[in-house]
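Chemist: Let me begin by handing over the structure; questions about it come next.
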Amino acid sequence: MEFSSKLLENAVNEMSQLPGIGKRTALRLVLHMLRQPENQTFQLANALTKVRAEINFCKSCHNISDNVLCEICSNPKRNSELICVVEDIRDVMAVENTSSFKGLYHVLGGKISPMDGIGPQDLNITTLVEKVKTGEVKELIFAMSPTMEGDTTNFYIFRQIQDYSVATSTIARGVAAGNELEYTDEITLGRSIIDRVPFEASLKS
Ligand SMILES: [Zn+2]
């Protein structure tokens, strides 16, 4: 792609680093920004800079938060004995949208995937095990996407906590194998949490 301006080329190159954005789309977006009122582009740039520089993660569940504890963890109406273990922040949003879950979350920040060089030490697993050790957690619900990596991650965590008095369950597999949680419709996802099954039973199936 030939550019008449280094500034334009630079902006297109940066934009095309984003997932799913090729050079052509990047060019279209940059040209769009040049056409729209100047302050609109500055607001976008400012919001991105701010979210990147000032982002915080909840000390307890690792969800994105503007405070030390996120709104879910600091809500006294939530049931702190029940923890839904999810891969990332989008899953928290998906489960919250179902309005079927009143416990807390624990965001692992990914899943164990040796192929991608991601091991247990790269995920927020230690803090989860620590929570279980306090004895204040009565049940962990594994709500990872039903992929091989999700299953591996669930099993790894299960092995870490199986000697403590905590129940473990996994969301019912209305979520079709290979589907990502965030794409599951709210009713199906909500039901799959209500209809969750004991984790050990899921191992035998
Ligand atoms: Zn939190």
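FYI, nothing fancy with the structure tokens labels: chains A, B, ... in order, residues from 1 per chain, ligands from 1 as they appear.
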Any chance you could list, as a PyMOL selection string, the residues in chain A that come up helix (DSSP H, G or I) when DSSP is run on the backbone?
Modeler: chain A and resi 6-15+23-35+38-54+89-98+114-116+120-122+126-133+148-161+181-183+186-194+199-204
Chemist: Given only C-alpha atoms and all ligand atoms, how would the per-residue table for chain A near ligand 1 read, listing every residue at most 10 Å away with its closest atom pair and distance in Å to one decimal, sorted by chain and number, as JSON lines?
Modeler:
{"residue": "A:Phe57", "atom": "CA", "partner": "ligand 1", "partner_atom_place_in_ligand_line": "1 (Zn)", "distance": 7.8}
{"residue": "A:Cys58", "atom": "CA", "partner": "ligand 1", "partner_atom_place_in_ligand_line": "1 (Zn)", "distance": 4.6}
{"residue": "A:Lys59", "atom": "CA", "partner": "ligand 1", "partner_atom_place_in_ligand_line": "1 (Zn)", "distance": 6.6}
{"residue": "A:Ser60", "atom": "CA", "partner": "ligand 1", "partner_atom_place_in_ligand_line": "1 (Zn)", "distance": 5.1}
{"residue": "A:Cys61", "atom": "CA", "partner": "ligand 1", "partner_atom_place_in_ligand_line": "1 (Zn)", "distance": 4.0}
{"residue": "A:His62", "atom": "CA", "partner": "ligand 1", "partner_atom_place_in_ligand_line": "1 (Zn)", "distance": 6.0}
{"residue": "A:Asn63", "atom": "CA", "partner": "ligand 1", "partner_atom_place_in_ligand_line": "1 (Zn)", "distance": 5.4}
{"residue": "A:Ile64", "atom": "CA", "partner": "ligand 1", "partner_atom_place_in_ligand_line": "1 (Zn)", "distance": 7.9}
{"residue": "A:Ser65", "atom": "CA", "partner": "ligand 1", "partner_atom_place_in_ligand_line": "1 (Zn)", "distance": 7.5}
{"residue": "A:Asn67", "atom": "CA", "partner": "ligand 1", "partner_atom_place_in_ligand_line": "1 (Zn)", "distance": 9.3}
{"residue": "A:Val68", "atom": "CA", "partner": "ligand 1", "partner_atom_place_in_ligand_line": "1 (Zn)", "distance": 8.3}
{"residue": "A:Leu69", "atom": "CA", "partner": "ligand 1", "partner_atom_place_in_ligand_line": "1 (Zn)", "distance": 5.2}
{"residue": "A:Cys70", "atom": "CA", "partner": "ligand 1", "partner_atom_place_in_ligand_line": "1 (Zn)", "distance": 4.1}
{"residue": "A:Glu71", "atom": "CA", "partner": "ligand 1", "partner_atom_place_in_ligand_line": "1 (Zn)", "distance": 6.7}
{"residue": "A:Ile72", "atom": "CA", "partner": "ligand 1", "partner_atom_place_in_ligand_line": "1 (Zn)", "distance": 5.7}
{"residue": "A:Cys73", "atom": "CA", "partner": "ligand 1", "partner_atom_place_in_ligand_line": "1 (Zn)", "distance": 4.2}
{"residue": "A:Ser74", "atom": "CA", "partner": "ligand 1", "partner_atom_place_in_ligand_line": "1 (Zn)", "distance": 7.2}
{"residue": "A:Asn75", "atom": "CA", "partner": "ligand 1", "partner_atom_place_in_ligand_line": "1 (Zn)", "distance": 9.4}
{"residue": "A:Leu104", "atom": "CA", "partner": "ligand 1", "partner_atom_place_in_ligand_line": "1 (Zn)", "distance": 7.4}
{"residue": "A:Tyr105", "atom": "CA", "partner": "ligand 1", "partner_atom_place_in_ligand_line": "1 (Zn)", "distance": 6.9}
{"residue": "A:His106", "atom": "CA", "partner": "ligand 1", "partner_atom_place_in_ligand_line": "1 (Zn)", "distance": 7.5}
{"residue": "A:Val107", "atom": "CA", "partner": "ligand 1", "partner_atom_place_in_ligand_line": "1 (Zn)", "distance": 8.7}
Chemist: Next, dump the selected residues to file, keeping only N, CA and C atoms, as a PDB file, in the first residue's frame.
Modeler:
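Output file out-v6.pdb is given in full below:
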ATOM      1  N   PHE A  57      -7.329  -3.461  38.394  1.00  0.00           N
ATOM      2  CA  PHE A  57      -7.997  -4.749  38.500  1.00  0.00           C
ATOM      3  C   PHE A  57      -8.402  -4.968  39.951  1.00  0.00           C
ATOM      4  N   CYS A  58      -9.603  -5.498  40.123  1.00  0.00           N
ATOM      5  CA  CYS A  58     -10.099  -5.751  41.472  1.00  0.00           C
ATOM      6  C   CYS A  58      -9.102  -6.643  42.210  1.00  0.00           C
ATOM      7  N   LYS A  59      -8.764  -6.242  43.435  1.00  0.00           N
ATOM      8  CA  LYS A  59      -7.775  -6.963  44.234  1.00  0.00           C
ATOM      9  C   LYS A  59      -8.250  -8.388  44.531  1.00  0.00           C
ATOM     10  N   SER A  60      -9.564  -8.562  44.590  1.00  0.00           N
ATOM     11  CA  SER A  60     -10.087  -9.868  44.976  1.00  0.00           C
ATOM     12  C   SER A  60     -10.368 -10.771  43.779  1.00  0.00           C
ATOM     13  N   CYS A  61     -11.091 -10.254  42.774  1.00  0.00           N
ATOM     14  CA  CYS A  61     -11.542 -11.149  41.694  1.00  0.00           C
ATOM     15  C   CYS A  61     -10.828 -10.914  40.366  1.00  0.00           C
ATOM     16  N   HIS A  62     -10.007  -9.848  40.271  1.00  0.00           N
ATOM     17  CA  HIS A  62      -9.234  -9.524  39.068  1.00  0.00           C
ATOM     18  C   HIS A  62     -10.088  -9.012  37.906  1.00  0.00           C
ATOM     19  N   ASN A  63     -11.315  -8.644  38.204  1.00  0.00           N
ATOM     20  CA  ASN A  63     -12.153  -7.987  37.200  1.00  0.00           C
ATOM     21  C   ASN A  63     -11.640  -6.557  37.007  1.00  0.00           C
ATOM     22  N   ILE A  64     -11.880  -5.976  35.849  1.00  0.00           N
ATOM     23  CA  ILE A  64     -11.513  -4.571  35.652  1.00  0.00           C
ATOM     24  C   ILE A  64     -12.381  -3.715  36.560  1.00  0.00           C
ATOM     25  N   SER A  65     -11.752  -2.759  37.223  1.00  0.00           N
ATOM     26  CA  SER A  65     -12.467  -1.971  38.223  1.00  0.00           C
ATOM     27  C   SER A  65     -11.839  -0.589  38.334  1.00  0.00           C
ATOM     28  N   ASN A  67     -12.009   0.898  41.216  1.00  0.00           N
ATOM     29  CA  ASN A  67     -11.642   0.949  42.633  1.00  0.00           C
ATOM     30  C   ASN A  67     -10.856  -0.299  43.021  1.00  0.00           C
ATOM     31  N   VAL A  68     -10.364  -0.298  44.271  1.00  0.00           N
ATOM     32  CA  VAL A  68      -9.567  -1.442  44.737  1.00  0.00           C
ATOM     33  C   VAL A  68     -10.394  -2.722  44.647  1.00  0.00           C
ATOM     34  N   LEU A  69     -11.647  -2.629  45.107  1.00  0.00           N
ATOM     35  CA  LEU A  69     -12.569  -3.756  44.963  1.00  0.00           C
ATOM     36  C   LEU A  69     -13.625  -3.376  43.925  1.00  0.00           C
ATOM     37  N   CYS A  70     -13.979  -4.313  43.053  1.00  0.00           N
ATOM     38  CA  CYS A  70     -14.961  -3.995  42.016  1.00  0.00           C
ATOM     39  C   CYS A  70     -16.359  -3.877  42.627  1.00  0.00           C
ATOM     40  N   GLU A  71     -17.289  -3.424  41.825  1.00  0.00           N
ATOM     41  CA  GLU A  71     -18.655  -3.208  42.324  1.00  0.00           C
ATOM     42  C   GLU A  71     -19.323  -4.511  42.753  1.00  0.00           C
ATOM     43  N   ILE A  72     -18.947  -5.595  42.111  1.00  0.00           N
ATOM     44  CA  ILE A  72     -19.553  -6.889  42.449  1.00  0.00           C
ATOM     45  C   ILE A  72     -19.018  -7.366  43.803  1.00  0.00           C
ATOM     46  N   CYS A  73     -17.687  -7.350  43.950  1.00  0.00           N
ATOM     47  CA  CYS A  73     -17.090  -7.816  45.201  1.00  0.00           C
ATOM     48  C   CYS A  73     -17.505  -6.949  46.391  1.00  0.00           C
ATOM     49  N   SER A  74     -17.727  -5.663  46.145  1.00  0.00           N
ATOM     50  CA  SER A  74     -18.044  -4.782  47.276  1.00  0.00           C
ATOM     51  C   SER A  74     -19.552  -4.654  47.521  1.00  0.00           C
ATOM     52  N   ASN A  75     -20.338  -5.410  46.782  1.00  0.00           N
ATOM     53  CA  ASN A  75     -21.792  -5.364  46.966  1.00  0.00           C
ATOM     54  C   ASN A  75     -22.214  -6.356  48.062  1.00  0.00           C
ATOM     55  N   LEU A 104     -20.057 -14.299  43.575  1.00  0.00           N
ATOM     56  CA  LEU A 104     -18.928 -13.493  43.124  1.00  0.00           C
ATOM     57  C   LEU A 104     -18.194 -14.226  41.993  1.00  0.00           C
ATOM     58  N   TYR A 105     -17.218 -13.553  41.413  1.00  0.00           N
ATOM     59  CA  TYR A 105     -16.447 -14.141  40.310  1.00  0.00           C
ATOM     60  C   TYR A 105     -14.987 -14.266  40.692  1.00  0.00           C
ATOM     61  N   HIS A 106     -14.291 -15.066  39.905  1.00  0.00           N
ATOM     62  CA  HIS A 106     -12.832 -15.039  39.948  1.00  0.00           C
ATOM     63  C   HIS A 106     -12.354 -15.124  38.501  1.00  0.00           C
ATOM     64  N   VAL A 107     -11.669 -14.073  38.068  1.00  0.00           N
ATOM     65  CA  VAL A 107     -11.221 -13.990  36.678  1.00  0.00           C
ATOM     66  C   VAL A 107      -9.792 -14.526  36.572  1.00  0.00           C
TER      67      VAL A 107
END
Chemist: Residues within 12 Å of Pro198 of chain A, please, as a list of chain:residue names. Count only C-alpha atoms; anything in the same chain fewer than 6 positions from it doesn't count.
Modeler: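 Non-adjacent residues within range: A:Glu139, A:Leu140, A:Ile141, A:Phe142, A:Phe158, A:Val166, A:Ala167, A:Thr168, A:Ser169, A:Thr170, A:Ile171, A:Ala172, A:Lys204, A:Ser205.
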Chemist: Skipping near chain neighbours, those fewer than 2 positions away, what residues fall within 9 Å of Ile112 of chain A using only C-alpha atoms, listed as JSON, numbers by chain?
Modeler: {"A": [110, 114, 116, 117, 118, 119, 120, 122, 123, 149, 150, 152, 153, 156]}
Chemist: Enter the distance from atom CA of Gly20 of chain A to atom CA of Gln121 of chain A, in Å, rounded to one decimal.
Modeler: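 Distance reported for this atom pair: 28.6 Å.
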Chemist: Work out how far apart atom CA of Val12 of chain A and atom CA of Asn39 of chain A are and give it in Å to one decimal.
Modeler: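 Spanning atom CA of Val12 of chain A to atom CA of Asn39 of chain A is a straight-line distance of 19.4 Å.
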Chemist: Report the residues of segment 30-179 of chain A whose backbone DSSP state falls under strand (DSSP E or B), written as an MDAnalysis selection string.
Modeler: chainID A and resid 56:57 64:65 79:86 103:107 113 118 139:142 167:170
Chemist: Could you write out that same residue set with C-alpha atoms as a short mmCIF file (atom, residue, chain, number, x, y, z; two decimals), in the first residue's frame?
Modeler:
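Okay, this is what ended up in again.cif:
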data_model
loop_
_atom_site.label_atom_id
_atom_site.label_comp_id
_atom_site.auth_asym_id
_atom_site.auth_seq_id
_atom_site.Cartn_x
_atom_site.Cartn_y
_atom_site.Cartn_z
CA ASN A 56 -7.17 -1.19 37.75
CA PHE A 57 -8.00 -4.75 38.50
CA ILE A 64 -11.51 -4.57 35.65
CA SER A 65 -12.47 -1.97 38.22
CA ASN A 79 -23.26 -14.21 48.04
CA SER A 80 -19.54 -14.41 48.80
CA GLU A 81 -19.73 -18.16 49.48
CA LEU A 82 -20.33 -18.86 45.80
CA ILE A 83 -17.60 -18.13 43.26
CA CYS A 84 -17.94 -18.44 39.52
CA VAL A 85 -14.53 -19.08 37.91
CA VAL A 86 -14.22 -17.53 34.46
CA GLY A 103 -22.39 -14.90 43.81
CA LEU A 104 -18.93 -13.49 43.12
CA TYR A 105 -16.45 -14.14 40.31
CA HIS A 106 -12.83 -15.04 39.95
CA VAL A 107 -11.22 -13.99 36.68
CA SER A 113 -2.62 -23.70 26.99
CA ILE A 118 0.46 -20.35 28.96
CA GLU A 139 -18.80 -23.65 46.14
CA LEU A 140 -16.71 -22.99 43.05
CA ILE A 141 -18.54 -23.02 39.73
CA PHE A 142 -16.24 -23.64 36.79
CA ALA A 167 -17.97 -28.04 46.54
CA THR A 168 -17.09 -27.82 42.87
CA SER A 169 -19.50 -27.72 39.98
CA THR A 170 -19.40 -26.99 36.29
#
Chemist: Quick one: distance from atom CA of Arg78 of chain A to atom CA of Lys102 of chain A in Å, one decimal?
Modeler: 5.3 Å
Chemist: Skip Ile194 of chain A itself and residues of its chain fewer than 2 positions away, then list as a ChimeraX atom specification all residues within 10 Å of it, counting only C-alpha atoms.
Modeler: /A:100-101,171-172,188-192,196-197
